$ cat run-v3.pdb   # PDB, C-alpha atoms and all ligand atoms
ATOM      1  CA  MET J   1      24.816 -21.899   9.709
ATOM      2  CA  LYS J   2      25.453 -18.181   9.224
ATOM      3  CA  PRO J   3      27.239 -17.032   6.071
ATOM      4  CA  VAL J   4      30.800 -15.892   6.675
ATOM      5  CA  MET J   5      31.113 -12.101   6.814
ATOM      6  CA  ARG J   6      32.884 -10.867   3.712
ATOM      7  CA  CYS J   7      33.544  -7.690   1.772
ATOM      8  CA  ILE J   8      30.939  -7.237  -0.961
ATOM      9  CA  ASP J   9      33.620  -5.866  -3.293
ATOM     10  CA  VAL J  10      36.149  -8.675  -2.899
ATOM     11  CA  ASN J  11      37.627  -9.643  -6.282
ATOM     12  CA  SER J  12      35.506  -7.060  -8.086
ATOM     13  CA  GLN J  13      37.001  -4.314 -10.249
ATOM     14  CA  GLN J  14      37.120  -2.200  -7.066
ATOM     15  CA  CYS J  15      39.344  -4.686  -5.176
ATOM     16  CA  PRO J  16      41.896  -4.033  -3.703
ATOM     17  CA  CYS J  17      40.399  -0.695  -2.636
ATOM     18  CA  LEU J  18      41.690   2.317  -0.714
ATOM     19  CA  LEU J  19      41.295   0.392   2.556
ATOM     20  CA  ALA J  20      44.169  -1.891   1.553
ATOM     21  CA  ASP J  21      46.561   1.098   1.543
ATOM     22  CA  THR J  22      46.124   1.755   5.267
ATOM     23  CA  ASN J  23      45.816  -1.777   6.699
ATOM     24  CA  HIS J  24      41.992  -1.572   6.858
ATOM     25  CA  CYS J  25      41.125  -4.344   4.370
ATOM     26  CA  PHE J  26      38.365  -6.489   5.882
ATOM     27  CA  MET J  27      39.401  -9.721   4.174
ATOM     28  CA  CYS J  28      43.199  -9.997   4.114
ATOM     29  CA  SER J  29      45.064 -10.394   7.407
ATOM     30  CA  HIS J  30      48.281  -8.985   5.889
ATOM     31  CA  LEU J  31      46.373  -5.962   4.627
ATOM     32  CA  LYS J  32      45.057  -5.523   8.173
ATOM     33  CA  GLY J  33      48.651  -5.196   9.328
ATOM     34  CA  GLU J  34      49.062  -8.728  10.696
ATOM     35  CA  ALA J  35      52.261 -10.718  10.161
ATOM     36  CA  ILE J  36      50.693 -13.992   9.066
ATOM     37  CA  CYS J  37      48.212 -15.054   6.427
ATOM     38  CA  ASP J  38      45.116 -16.505   8.078
ATOM     39  CA  CYS J  39      42.311 -15.655   5.683
ATOM     40  CA  ASP J  40      39.923 -18.365   4.517
ATOM     41  CA  TRP J  41      39.138 -16.603   1.246
ATOM     42  CA  THR J  42      39.360 -19.006  -1.678
ATOM     43  CA  GLY J  43      39.239 -16.411  -4.446
ATOM     44  CA  LYS J  44      42.096 -14.343  -5.863
ATOM     45  CA  CYS J  45      44.750 -13.358  -3.288
ATOM     46  CA  ILE J  46      44.090  -9.695  -2.416
ATOM     47  CA  LEU J  47      47.644  -9.195  -1.121
ATOM     48  CA  HIS J  48      49.044 -10.499  -4.390
ATOM     49  CA  GLU J  49      46.755  -8.198  -6.366
ATOM     50  CA  ARG J  50      47.662  -5.230  -4.162
ATOM     51  CA  ASN J  51      51.421  -5.637  -3.989
ATOM     52  CA  TRP J  52      52.617  -7.578  -6.979
ATOM     53  CA  GLN J  53      50.045  -7.862  -9.688
ATOM     54  CA  ALA J  54      49.373  -4.185 -10.421
ATOM     55  CA  PRO J  55      51.615  -1.984  -8.278
ATOM     56  CA  ARG J  56      50.019   1.396  -7.880
ATOM     57  CA  LYS J  57      50.115   4.606  -5.912
ATOM     58  CA  PRO J  58      47.222   5.087  -3.439
ATOM     59  CA  SER J  59      45.813   7.751  -5.730
ATOM     60  CA  ASP J  60      45.449   5.128  -8.475
ATOM     61  CA  ALA J  61      43.022   3.004  -6.453
ATOM     62  CA  PRO J  62      40.167   1.788  -8.622
ATOM     63  CA  CYS J  63      37.360   4.144  -7.695
ATOM     64  CA  ARG J  64      33.840   3.839  -9.048
ATOM     65  CA  ARG J  65      32.842   5.201 -12.388
ATOM     66  CA  GLU J  66      31.052   8.589 -12.404
ATOM     67  CA  VAL J  67      28.596   9.257 -15.212
ATOM     68  CA  GLU J  68      26.959  12.592 -16.082
ATOM     69  CA  THR J  69      23.400  12.174 -17.287
ATOM     70  CA  THR J  70      19.863  13.575 -17.123
ATOM     71  CA  LEU J  71      17.434  12.625 -14.365
ATOM     72  CA  VAL J  72      13.966  12.161 -15.844
ATOM     73  CA  THR J  73      10.936  12.045 -13.543
ATOM     74  CA  LYS J  74       8.617   9.259 -14.708
ATOM     75  CA  ARG J  75       6.007   9.292 -11.990
ATOM     76  CA  GLN J  76       5.151  11.231  -8.849
ATOM     77  CA  VAL J  77       4.302   8.609  -6.222
ATOM     78  CA  ASN J  78       3.325  11.192  -3.592
ATOM     79  CA  ASP J  79       4.298  14.762  -2.626
ATOM     80  CA  SER J  80       7.843  13.773  -1.732
ATOM     81  CA  VAL J  81       8.508  10.532  -3.655
ATOM     82  CA  CYS J  82       9.231  10.205  -7.392
ATOM     83  CA  ILE J  83      10.110   7.355  -9.705
ATOM     84  CA  VAL J  84      12.976   8.560 -11.908
ATOM     85  CA  GLU J  85      15.098   7.188 -14.742
ATOM     86  CA  ALA J  86      18.606   7.903 -15.975
ATOM     87  CA  GLU J  87      20.624   6.626 -18.918
ATOM     88  CA  VAL J  88      24.003   5.486 -17.583
ATOM     89  CA  GLY J  89      25.390   3.404 -20.445
ATOM     90  CA  ALA J  90      25.344  -0.353 -20.949
ATOM     91  CA  GLU J  91      28.395  -1.223 -18.844
ATOM     92  CA  LEU J  92      27.398   0.545 -15.627
ATOM     93  CA  ALA J  93      23.754  -0.521 -16.074
ATOM     94  CA  GLU J  94      24.840  -4.142 -16.350
ATOM     95  CA  GLN J  95      26.943  -3.836 -13.193
ATOM     96  CA  LEU J  96      23.920  -2.398 -11.364
ATOM     97  CA  ASP J  97      21.548  -5.113 -12.535
ATOM     98  CA  GLN J  98      21.651  -7.192  -9.350
ATOM     99  CA  VAL J  99      20.077  -7.418  -5.908
ATOM    100  CA  GLY J 100      21.422  -4.800  -3.490
ATOM    101  CA  SER J 101      22.784  -2.373  -6.100
ATOM    102  CA  PHE J 102      22.808   1.343  -5.435
ATOM    103  CA  ILE J 103      24.520   4.474  -6.658
ATOM    104  CA  PHE J 104      25.472   7.893  -5.313
ATOM    105  CA  LEU J 105      23.803  10.849  -6.955
ATOM    106  CA  ARG J 106      24.159  14.637  -6.973
ATOM    107  CA  GLN J 107      23.355  17.580  -9.216
ATOM    108  CA  ALA J 108      26.124  17.922 -11.797
ATOM    109  CA  ASP J 109      27.399  21.298 -10.546
ATOM    110  CA  ASP J 110      26.991  20.532  -6.830
ATOM    111  CA  PRO J 111      30.008  19.760  -4.626
ATOM    112  CA  GLU J 112      30.737  16.147  -3.714
ATOM    113  CA  MET J 113      29.285  16.618  -0.212
ATOM    114  CA  CYS J 114      25.836  16.620  -1.854
ATOM    115  CA  ASN J 115      26.107  12.953  -2.898
ATOM    116  CA  PHE J 116      23.397  10.705  -1.481
ATOM    117  CA  PRO J 117      22.731   6.973  -1.962
ATOM    118  CA  VAL J 118      19.833   5.732  -4.106
ATOM    119  CA  GLY J 119      18.831   2.092  -4.578
ATOM    120  CA  ILE J 120      18.322   0.648  -8.058
ATOM    121  CA  MET J 121      14.748  -0.428  -8.690
ATOM    122  CA  ASN J 122      15.117  -1.766 -12.204
ATOM    123  CA  VAL J 123      17.434  -1.843 -15.217
ATOM    124  CA  HIS J 124      16.434  -1.817 -18.894
ATOM    125  CA  GLY J 125      19.272  -1.707 -21.421
ATOM    126  CA  GLY J 126      21.443   1.235 -20.362
ATOM    127  CA  THR J 127      18.690   2.887 -18.308
ATOM    128  CA  ILE J 128      18.283   2.590 -14.551
ATOM    129  CA  THR J 129      15.047   3.236 -12.656
ATOM    130  CA  MET J 130      15.154   4.536  -9.098
ATOM    131  CA  VAL J 131      12.801   5.888  -6.451
ATOM    132  CA  ILE J 132      13.892   9.099  -4.744
ATOM    133  CA  GLU J 133      12.313  10.516  -1.614
ATOM    134  CA  LYS J 134      12.890  14.225  -1.021
ATOM    135  CA  LEU J 135      14.005  13.728   2.563
ATOM    136  CA  GLY J 136      16.462  16.571   3.101
ATOM    137  CA  PRO J 137      18.678  19.096   1.315
ATOM    138  CA  LYS J 138      20.701  16.527  -0.660
ATOM    139  CA  SER J 139      17.801  14.644  -2.226
ATOM    140  CA  SER J 140      15.755  17.831  -2.718
ATOM    141  CA  ARG J 141      18.522  19.476  -4.747
ATOM    142  CA  VAL J 142      18.180  17.099  -7.714
ATOM    143  CA  PHE J 143      14.590  18.339  -8.110
ATOM    144  CA  LEU J 144      15.419  22.064  -8.049
ATOM    145  CA  GLN J 145      14.891  22.036 -11.788
ATOM    146  CA  PRO J 146      13.076  19.551 -14.042
ATOM    147  CA  ASN J 147      15.263  16.990 -15.825
ATOM    148  CA  ALA J 148      18.370  18.051 -13.888
ATOM    149  CA  ARG J 149      21.838  17.103 -15.087
ATOM    150  CA  VAL J 150      23.249  14.791 -12.431
ATOM    151  CA  LEU J 151      26.379  12.815 -11.638
ATOM    152  CA  ILE J 152      25.861   9.140 -10.874
ATOM    153  CA  ARG J 153      28.658   7.165  -9.214
ATOM    154  CA  GLY J 154      28.651   3.397  -8.945
ATOM    155  CA  PRO J 155      28.318   0.491  -8.831
ATOM    156  CA  TYR J 156      27.770  -0.108  -5.106
ATOM    157  CA  ARG J 157      26.379  -3.475  -4.077
ATOM    158  CA  ASN J 158      25.669  -3.882  -0.375
ATOM    159  CA  GLY J 159      22.050  -2.665  -0.262
ATOM    160  CA  VAL J 160      20.765  -6.033   0.966
ATOM    161  CA  PHE J 161      22.136  -8.140   3.840
ATOM    162  CA  GLY J 162      22.022 -11.923   3.474
ATOM    163  CA  GLN J 163      22.683 -11.970  -0.277
ATOM    164  CA  PRO J 164      24.300 -15.458  -0.118
ATOM    165  CA  TRP J 165      20.909 -16.843   1.002
ATOM    166  CA  ILE J 166      19.247 -15.338  -2.072
ATOM    167  CA  ASP J 167      21.955 -16.706  -4.373
ATOM    168  CA  SER J 168      21.862 -20.196  -2.898
ATOM    169  CA  THR J 169      18.086 -20.746  -2.469
ATOM    170  CA  LYS J 170      16.927 -22.683  -5.531
ATOM    171  CA  TYR J 171      13.694 -24.597  -6.222
ATOM    172  CA  GLY J 172      12.480 -23.412  -2.816
ATOM    173  CA  THR J 173       9.675 -21.433  -1.209
ATOM    174  CA  ILE J 174      10.273 -17.787  -0.379
ATOM    175  CA  LEU J 175       8.067 -15.344   1.539
ATOM    176  CA  ALA J 176       8.602 -11.589   1.483
ATOM    177  CA  ALA J 177       7.332  -8.639   3.519
ATOM    178  CA  ILE J 178       7.613  -5.460   1.464
ATOM    179  CA  GLY J 179       6.799  -2.166   3.194
ATOM    180  CA  GLY J 180       6.660   1.384   1.829
ATOM    181  CA  LEU J 181       9.773   2.319  -0.128
ATOM    182  CA  GLY J 182      11.040  -1.238   0.293
ATOM    183  CA  GLN J 183       9.107  -1.667  -2.958
ATOM    184  CA  THR J 184      12.203  -0.164  -4.582
ATOM    185  CA  ASN J 185      14.016  -3.444  -3.870
ATOM    186  CA  ALA J 186      11.103  -5.737  -4.674
ATOM    187  CA  LEU J 187      11.641  -6.091  -8.427
ATOM    188  CA  MET J 188      15.320  -7.038  -8.213
ATOM    189  CA  LEU J 189      14.560  -9.482  -5.392
ATOM    190  CA  ALA J 190      11.712 -11.021  -7.378
ATOM    191  CA  ARG J 191      13.783 -11.381 -10.538
ATOM    192  CA  GLN J 192      16.539 -13.169  -8.655
ATOM    193  CA  VAL J 193      14.296 -15.589  -6.736
ATOM    194  CA  VAL J 194      12.272 -16.418  -9.853
ATOM    195  CA  ALA J 195      15.475 -16.950 -11.873
ATOM    196  CA  ASN J 196      16.489 -19.497  -9.211
ATOM    197  CA  ASN J 197      13.212 -21.382  -9.830
ATOM    198  CA  ASN J 198      11.704 -20.546  -6.463
ATOM    199  CA  THR J 199       8.025 -20.115  -5.648
ATOM    200  CA  ALA J 200       7.557 -16.715  -4.058
ATOM    201  CA  LEU J 201       4.799 -14.828  -2.249
ATOM    202  CA  PHE J 202       5.305 -11.097  -1.696
ATOM    203  CA  VAL J 203       3.014  -9.355   0.818
ATOM    204  CA  ILE J 204       3.117  -5.611   0.242
ATOM    205  CA  ALA J 205       1.879  -2.708   2.366
ATOM    206  CA  PRO J 206       2.028   0.949   1.257
ATOM    207  CA  GLY J 207       3.718   2.154   4.477
ATOM    208  CA  GLN J 208       5.205   5.652   4.329
ATOM    209  CA  ALA J 209       4.996   5.694   0.518
ATOM    210  CA  GLY J 210       1.196   5.792   0.849
ATOM    211  CA  THR J 211       0.728   3.679  -2.285
ATOM    212  CA  ILE J 212       1.688   0.365  -3.855
ATOM    213  CA  PHE J 213       3.383   0.746  -7.214
ATOM    214  CA  VAL J 214       5.032  -2.582  -8.096
ATOM    215  CA  THR J 215       2.155  -5.075  -8.113
ATOM    216  CA  ASP J 216       1.780  -5.513 -11.875
ATOM    217  CA  GLU J 217       5.510  -5.849 -12.530
ATOM    218  CA  LEU J 218       5.872  -8.404  -9.745
ATOM    219  CA  ARG J 219       2.980 -10.478 -11.071
ATOM    220  CA  ASN J 220       4.466 -10.297 -14.577
ATOM    221  CA  LEU J 221       7.675 -11.721 -13.145
ATOM    222  CA  GLY J 222       5.729 -14.713 -11.816
ATOM    223  CA  VAL J 223       5.525 -13.794  -8.142
ATOM    224  CA  ASP J 224       2.314 -14.211  -6.103
ATOM    225  CA  VAL J 225       1.354 -10.854  -4.618
ATOM    226  CA  ILE J 226      -0.956  -9.962  -1.757
ATOM    227  CA  THR J 227      -1.486  -6.270  -1.072
ATOM    228  CA  VAL J 228      -2.618  -5.175   2.377
ATOM    229  CA  PRO J 229      -3.362  -1.725   3.831
ATOM    230  CA  SER J 230      -1.124  -2.358   6.849
ATOM    231  CA  MET J 231       1.694  -4.859   7.372
ATOM    232  CA  ARG J 232       1.243  -4.931  11.146
ATOM    233  CA  ARG J 233      -2.538  -5.145  11.155
ATOM    234  CA  GLU J 234      -2.902  -7.617   8.292
ATOM    235  CA  GLY J 235       0.287  -8.416   6.370
ATOM    236  CA  PHE J 236       2.122 -10.327   9.077
ATOM    237  CA  ALA J 237      -0.942 -12.544   9.637
ATOM    238  CA  ARG J 238      -1.045 -13.340   5.894
ATOM    239  CA  LEU J 239       2.606 -14.371   6.029
ATOM    240  CA  GLN J 240       2.248 -16.208   9.318
ATOM    241  CA  GLU J 241      -0.471 -18.457   7.943
ATOM    242  CA  ARG J 242       2.039 -19.628   5.312
ATOM    243  CA  PHE J 243       4.863 -20.372   7.761
ATOM    244  CA  THR J 244       5.664 -24.082   7.435
ATOM    245  CA  ASP J 245       8.722 -26.321   7.422
ATOM    246  CA  GLN J 246       8.732 -25.941   3.634
ATOM    247  CA  VAL J 247       9.665 -22.235   3.696
ATOM    248  CA  ASP J 248      13.337 -21.767   2.730
ATOM    249  CA  LEU J 249      13.896 -18.028   2.992
ATOM    250  CA  LEU J 250      12.240 -14.892   4.356
ATOM    251  CA  LEU J 251      12.793 -11.494   2.733
ATOM    252  CA  SER J 252      12.125  -8.129   4.351
ATOM    253  CA  ALA J 253      12.335  -4.929   2.314
ATOM    254  CA  GLY J 254      11.563  -1.724   4.176
ATOM    255  CA  PRO J 255      12.652   0.052   7.368
ATOM    256  CA  ASP J 256      14.518  -1.738  10.177
ATOM    257  CA  ASP J 257      11.285  -1.690  12.217
ATOM    258  CA  LEU J 258       9.780  -3.973   9.580
ATOM    259  CA  HIS J 259      12.733  -6.375   9.851
ATOM    260  CA  PHE J 260      12.460  -6.459  13.657
ATOM    261  CA  ALA J 261       8.698  -6.962  13.624
ATOM    262  CA  LEU J 262       8.957  -9.765  11.059
ATOM    263  CA  ILE J 263      11.657 -11.502  13.121
ATOM    264  CA  ASP J 264       9.394 -11.264  16.193
ATOM    265  CA  VAL J 265       6.453 -12.760  14.255
ATOM    266  CA  MET J 266       8.674 -15.548  12.905
ATOM    267  CA  HIS J 267      10.034 -16.436  16.342
ATOM    268  CA  ALA J 268       6.556 -16.245  17.904
ATOM    269  CA  SER J 269       5.470 -18.816  15.301
ATOM    270  CA  GLY J 270       8.293 -21.153  16.287
ATOM    271  CA  TYR J 271      10.414 -20.746  13.138
ATOM    272  CA  ASN J 272      13.866 -19.371  12.471
ATOM    273  CA  TYR J 273      14.223 -19.071   8.708
ATOM    274  CA  PRO J 274      17.279 -17.634   6.964
ATOM    275  CA  MET J 275      16.586 -13.992   6.132
ATOM    276  CA  ALA J 276      17.712 -11.398   3.624
ATOM    277  CA  VAL J 277      16.796  -7.801   4.470
ATOM    278  CA  THR J 278      17.401  -4.340   3.078
ATOM    279  CA  ASN J 279      20.377  -2.421   4.490
ATOM    280  CA  ASN J 280      19.082   0.880   5.907
ATOM    281  CA  ALA J 281      22.379   2.213   7.273
ATOM    282  CA  THR J 282      23.187   5.894   6.739
ATOM    283  CA  MET J 283      25.756   6.007   3.948
ATOM    284  CA  CYS J 284      27.988   8.870   3.013
ATOM    285  CA  CYS J 285      31.031   7.621   1.061
ATOM    286  CA  GLY J 286      30.108   3.994   0.246
ATOM    287  CA  GLU J 287      33.811   3.060   0.301
ATOM    288  CA  GLY J 288      34.363   2.034   3.925
ATOM    289  CA  ILE J 289      36.155   5.316   4.587
ATOM    290  CA  CYS J 290      33.853   7.751   6.416
ATOM    291  CA  GLY J 291      32.341   5.458   9.059
ATOM    292  CA  SER J 292      28.788   6.801   8.792
ATOM    293  CA  CYS J 293      27.394   3.326   8.109
ATOM    294  CA  ALA J 294      29.341   1.604  10.913
ATOM    295  CA  LYS J 295      27.429  -0.864  13.084
ATOM    296  CA  LYS J 296      28.500  -3.160  15.907
ATOM    297  CA  THR J 297      28.179  -6.912  15.553
ATOM    298  CA  LYS J 298      27.059  -9.210  18.352
ATOM    299  CA  SER J 299      30.713 -10.210  18.757
ATOM    300  CA  GLY J 300      31.592  -6.557  19.469
ATOM    301  CA  GLU J 301      33.318  -5.797  16.165
ATOM    302  CA  TRP J 302      32.524  -2.500  14.391
ATOM    303  CA  ILE J 303      31.974  -3.074  10.692
ATOM    304  CA  ARG J 304      31.251  -0.700   7.813
ATOM    305  CA  THR J 305      27.977  -1.891   6.386
ATOM    306  CA  CYS J 306      28.501  -0.259   2.985
ATOM    307  CA  LYS J 307      31.200  -2.914   2.425
ATOM    308  CA  ILE J 308      30.535  -5.903   4.652
ATOM    309  CA  GLN J 309      28.022  -8.574   3.742
ATOM    310  CA  LEU J 310      26.502 -10.437   6.695
ATOM    311  CA  ASP J 311      23.241 -11.610   8.218
ATOM    312  CA  PHE J 312      21.069  -8.901   9.793
ATOM    313  CA  ASP J 313      20.953 -10.865  13.048
ATOM    314  CA  GLN J 314      24.750 -10.916  13.240
ATOM    315  CA  LEU J 315      24.436  -7.200  14.051
ATOM    316  CA  ASP J 316      23.991  -6.000  17.606
ATOM    317  CA  ASN J 317      20.489  -4.782  16.818
ATOM    318  CA  THR J 318      19.751  -3.356  20.246
ATOM    319  CA  ARG J 319      16.242  -1.985  20.046
TER     320      ARG J 319
HETATM  321  S1  LIG B   1      29.328   4.930   3.952
HETATM  322 FE1  LIG B   1      31.304   5.674   4.480
HETATM  323  S2  LIG B   1      32.150   3.965   5.528
HETATM  324 FE2  LIG B   1      30.269   3.193   4.816
END

$ encode --input "run-v3.pdb" --output "structure tokens"
Amino acid sequence: MKPVMRCIDVNSQQCPCLLADTNHCFMCSHLKGEAICDCDWTGKCILHERNWQAPRKPSDAPCRREVETTLVTKRQVNDSVCIVEAEVGAELAEQLDQVGSFIFLRQADDPEMCNFPVGIMNVHGGTITMVIEKLGPKSSRVFLQPNARVLIRGPYRNGVFGQPWIDSTKYGTILAAIGGLGQTNALMLARQVVANNNTALFVIAPGQAGTIFVTDELRNLGVDVITVPSMRREGFARLQERFTDQVDLLLSAGPDDLHFALIDVMHASGYNYPMAVTNNATMCCGEGICGSCAKKTKSGEWIRTCKIQLDFDQLDNTR
């Protein structure tokens, strides 16, 4: 059974959000402009929170925290990819210490249009570790000078689809395909699956990153790791030979092409495991406002993937 689509921010500090002001809430039928209540949400009533609990003007909507800090380059992975760290304070760091977390980042004196999303690789105390690829003008700007002052806005949470599978799989067997910069997500995924007492095998290929940089940390977490030069030429075969009825969950961290190829391999092997995969949508605001991350579901509904948690195969992934 597929998990029910839901807003990743429901009942968080950011709920009700700006979308509730204009009848665009994903969860509450009243806050979509409908006359009757027909939600099946069993948490706190969003309508009650919005209208009666803490009446507010739209401009008072609970936006994310923005922190000014210094971006410290820890390691150059290749010509365009760096591992960086930033001190963001204990509270924000704790909020970011979960699978699928990401932030928006820009140079401190740049305009807001320069914000770009960056996934959280690891959290230690009040310090977050991230991997940044200098892909275009936004990401390149934070490296114009060493140890740039930056603004970090967060927490955002929907960097991985299928999170309910990760939360609910306990004492099970989990296989993961990790490609290129999908390694950024590998540590958080590993920590969560190990904390749930699962046995996990992560097969990692360097992909576009050109190198593998998480092996030791993954092994220290208690995950079995196989490194391969190419996921297509070797990695999928190493996973395929472990496909059995005992596998509970498949993880895919990397580009959408990796997700698609892994799904094809799984189906060709006669299995249809639950999957959790990284969300590679283009994100601009992260708040369900701008529409840059919008994708169509198989049922024809357009959803904003920065906010909506679902299974990857619920999307109309026309290839
Ligand atoms: S990133 Fe703007 S709506 Fe999702």

$ resolve_selection --input "run-v3.pdb" --expression "the PyMOL selection byres (((chain J and resi 266) around 12) and not hetatm)" --output "mmCIF file with C-alpha atoms, in the frame of the given file"
data_model
loop_
_atom_site.group_PDB
_atom_site.id
_atom_site.type_symbol
_atom_site.label_atom_id
_atom_site.label_comp_id
_atom_site.auth_asym_id
_atom_site.auth_seq_id
_atom_site.Cartn_x
_atom_site.Cartn_y
_atom_site.Cartn_z
ATOM 1 C CA LEU J 175 8.067 -15.344 1.539
ATOM 2 C CA ALA J 177 7.332 -8.639 3.519
ATOM 3 C CA PHE J 236 2.122 -10.327 9.077
ATOM 4 C CA ALA J 237 -0.942 -12.544 9.637
ATOM 5 C CA LEU J 239 2.606 -14.371 6.029
ATOM 6 C CA GLN J 240 2.248 -16.208 9.318
ATOM 7 C CA GLU J 241 -0.471 -18.457 7.943
ATOM 8 C CA ARG J 242 2.039 -19.628 5.312
ATOM 9 C CA PHE J 243 4.863 -20.372 7.761
ATOM 10 C CA THR J 244 5.664 -24.082 7.435
ATOM 11 C CA VAL J 247 9.665 -22.235 3.696
ATOM 12 C CA LEU J 249 13.896 -18.028 2.992
ATOM 13 C CA LEU J 250 12.240 -14.892 4.356
ATOM 14 C CA LEU J 251 12.793 -11.494 2.733
ATOM 15 C CA SER J 252 12.125 -8.129 4.351
ATOM 16 C CA HIS J 259 12.733 -6.375 9.851
ATOM 17 C CA PHE J 260 12.460 -6.459 13.657
ATOM 18 C CA ALA J 261 8.698 -6.962 13.624
ATOM 19 C CA LEU J 262 8.957 -9.765 11.059
ATOM 20 C CA ILE J 263 11.657 -11.502 13.121
ATOM 21 C CA ASP J 264 9.394 -11.264 16.193
ATOM 22 C CA VAL J 265 6.453 -12.760 14.255
ATOM 23 C CA HIS J 267 10.034 -16.436 16.342
ATOM 24 C CA ALA J 268 6.556 -16.245 17.904
ATOM 25 C CA SER J 269 5.470 -18.816 15.301
ATOM 26 C CA GLY J 270 8.293 -21.153 16.287
ATOM 27 C CA TYR J 271 10.414 -20.746 13.138
ATOM 28 C CA ASN J 272 13.866 -19.371 12.471
ATOM 29 C CA TYR J 273 14.223 -19.071 8.708
ATOM 30 C CA PRO J 274 17.279 -17.634 6.964
ATOM 31 C CA MET J 275 16.586 -13.992 6.132
#

$ residues_near_ligand --input "run-v3.pdb" --ligand "ligand LIG 1 (chain B)" --cutoff "7 Å" --atoms "all atoms listed in the file" --output "PDB file with C-alpha atoms, in the coordinates of the input"
ATOM      1  CA  THR J 282      23.187   5.894   6.739  1.00  0.00           C
ATOM      2  CA  MET J 283      25.756   6.007   3.948  1.00  0.00           C
ATOM      3  CA  CYS J 284      27.988   8.870   3.013  1.00  0.00           C
ATOM      4  CA  CYS J 285      31.031   7.621   1.061  1.00  0.00           C
ATOM      5  CA  GLY J 286      30.108   3.994   0.246  1.00  0.00           C
ATOM      6  CA  GLU J 287      33.811   3.060   0.301  1.00  0.00           C
ATOM      7  CA  GLY J 288      34.363   2.034   3.925  1.00  0.00           C
ATOM      8  CA  ILE J 289      36.155   5.316   4.587  1.00  0.00           C
ATOM      9  CA  CYS J 290      33.853   7.751   6.416  1.00  0.00           C
ATOM     10  CA  GLY J 291      32.341   5.458   9.059  1.00  0.00           C
ATOM     11  CA  SER J 292      28.788   6.801   8.792  1.00  0.00           C
ATOM     12  CA  CYS J 293      27.394   3.326   8.109  1.00  0.00           C
ATOM     13  CA  ALA J 294      29.341   1.604  10.913  1.00  0.00           C
ATOM     14  CA  ARG J 304      31.251  -0.700   7.813  1.00  0.00           C
ATOM     15  CA  THR J 305      27.977  -1.891   6.386  1.00  0.00           C
ATOM     16  CA  CYS J 306      28.501  -0.259   2.985  1.00  0.00           C
ATOM     17  CA  LYS J 307      31.200  -2.914   2.425  1.00  0.00           C
TER      18      LYS J 307
END

$ closest_residue --input "run-v3.pdb" --among "J:Met121, J:Val160, J:Leu187, J:Val194" --to "Ile83 of chain J" --atoms "all atoms listed in the file"
J:Met121

$ atom_distance --input "run-v3.pdb" --atom1 "atom CA of Lys138 of chain J" --atom2 "atom CA of Met113 of chain J"
8.6 Å

$ resolve_selection --input "run-v3.pdb" --expression "the PyMOL selection byres (((chain J and resi 168) around 12) and not hetatm)" --output "count of residues only"
21

$ atom_distance --input "run-v3.pdb" --atom1 "atom CA of Arg157 of chain J" --atom2 "atom CA of Gln13 of chain J"
12.3 Å

$ residues_around --input "run-v3.pdb" --residues "segment 24-39 of chain J" --least-positions-apart "3" --cutoff "12 Å" --atoms "all atoms listed in the file" --output "PyMOL selection string"
chain J and resi 4-11+15-21+42-51+287-289+301-305+307-309

$ atom_distance --input "run-v3.pdb" --atom1 "atom CA of Met231 of chain J" --atom2 "atom CA of Thr173 of chain J"
20.3 Å

$ resolve_selection --input "run-v3.pdb" --expression "the PyMOL selection byres (((chain J and resi 148) around 10) and not hetatm)" --output "PyMOL selection string"
chain J and resi 69-73+106-108+141-147+149-151

$ write_last_selection --input "run-v3.pdb" --atoms "C-alpha atoms" --output "CSV table (one decimal), in the frame of the given file"
chain,number,residue,atom,x,y,z
J,69,THR,CA,23.4,12.2,-17.3
J,70,THR,CA,19.9,13.6,-17.1
J,71,LEU,CA,17.4,12.6,-14.4
J,72,VAL,CA,14.0,12.2,-15.8
J,73,THR,CA,10.9,12.0,-13.5
J,106,ARG,CA,24.2,14.6,-7.0
J,107,GLN,CA,23.4,17.6,-9.2
J,108,ALA,CA,26.1,17.9,-11.8
J,141,ARG,CA,18.5,19.5,-4.7
J,142,VAL,CA,18.2,17.1,-7.7
J,143,PHE,CA,14.6,18.3,-8.1
J,144,LEU,CA,15.4,22.1,-8.0
J,145,GLN,CA,14.9,22.0,-11.8
J,146,PRO,CA,13.1,19.6,-14.0
J,147,ASN,CA,15.3,17.0,-15.8
J,149,ARG,CA,21.8,17.1,-15.1
J,150,VAL,CA,23.2,14.8,-12.4
J,151,LEU,CA,26.4,12.8,-11.6

$ residues_around --input "run-v3.pdb" --residues "Thr127 of chain J" --least-positions-apart "3" --cutoff "7 Å" --atoms "all atoms listed in the file" --output "JSON, numbers by chain"
{"J": [85, 86, 87, 88, 93, 123, 124]}

$ residues_around --input "run-v3.pdb" --residues "segment 180-185 of chain J" --least-positions-apart "5" --cutoff "9 Å" --atoms "all atoms listed in the file" --output "ChimeraX atom specification"
/J:99-100,119-122,130-131,133,159-160,190,204-214,252-255,278

$ residues_near_point --input "run-v3.pdb" --point "(26.2, 2.6, -9.4)" --cutoff "8 Å" --atoms "all atoms listed in the file" --output "JSON, numbers by chain"
{"J": [64, 65, 92, 93, 95, 96, 101, 102, 103, 104, 152, 153, 154, 155, 156]}

$ closest_residue --input "run-v3.pdb" --among "J:Lys74, J:Asp110, J:Phe312, J:Glu91" --to "Asp256 of chain J" --atoms "only C-alpha atoms"
J:Phe312

$ residues_around --input "run-v3.pdb" --residues "Asp224 of chain J" --least-positions-apart "4" --cutoff "8 Å" --atoms "all atoms listed in the file" --output "PyMOL selection string"
chain J and resi 200-202+218-219

$ residues_around --input "run-v3.pdb" --residues "Asp316 of chain J" --least-positions-apart "3" --cutoff "10 Å" --atoms "all atoms listed in the file" --output "PyMOL selection string"
chain J and resi 295-302+312-313+319
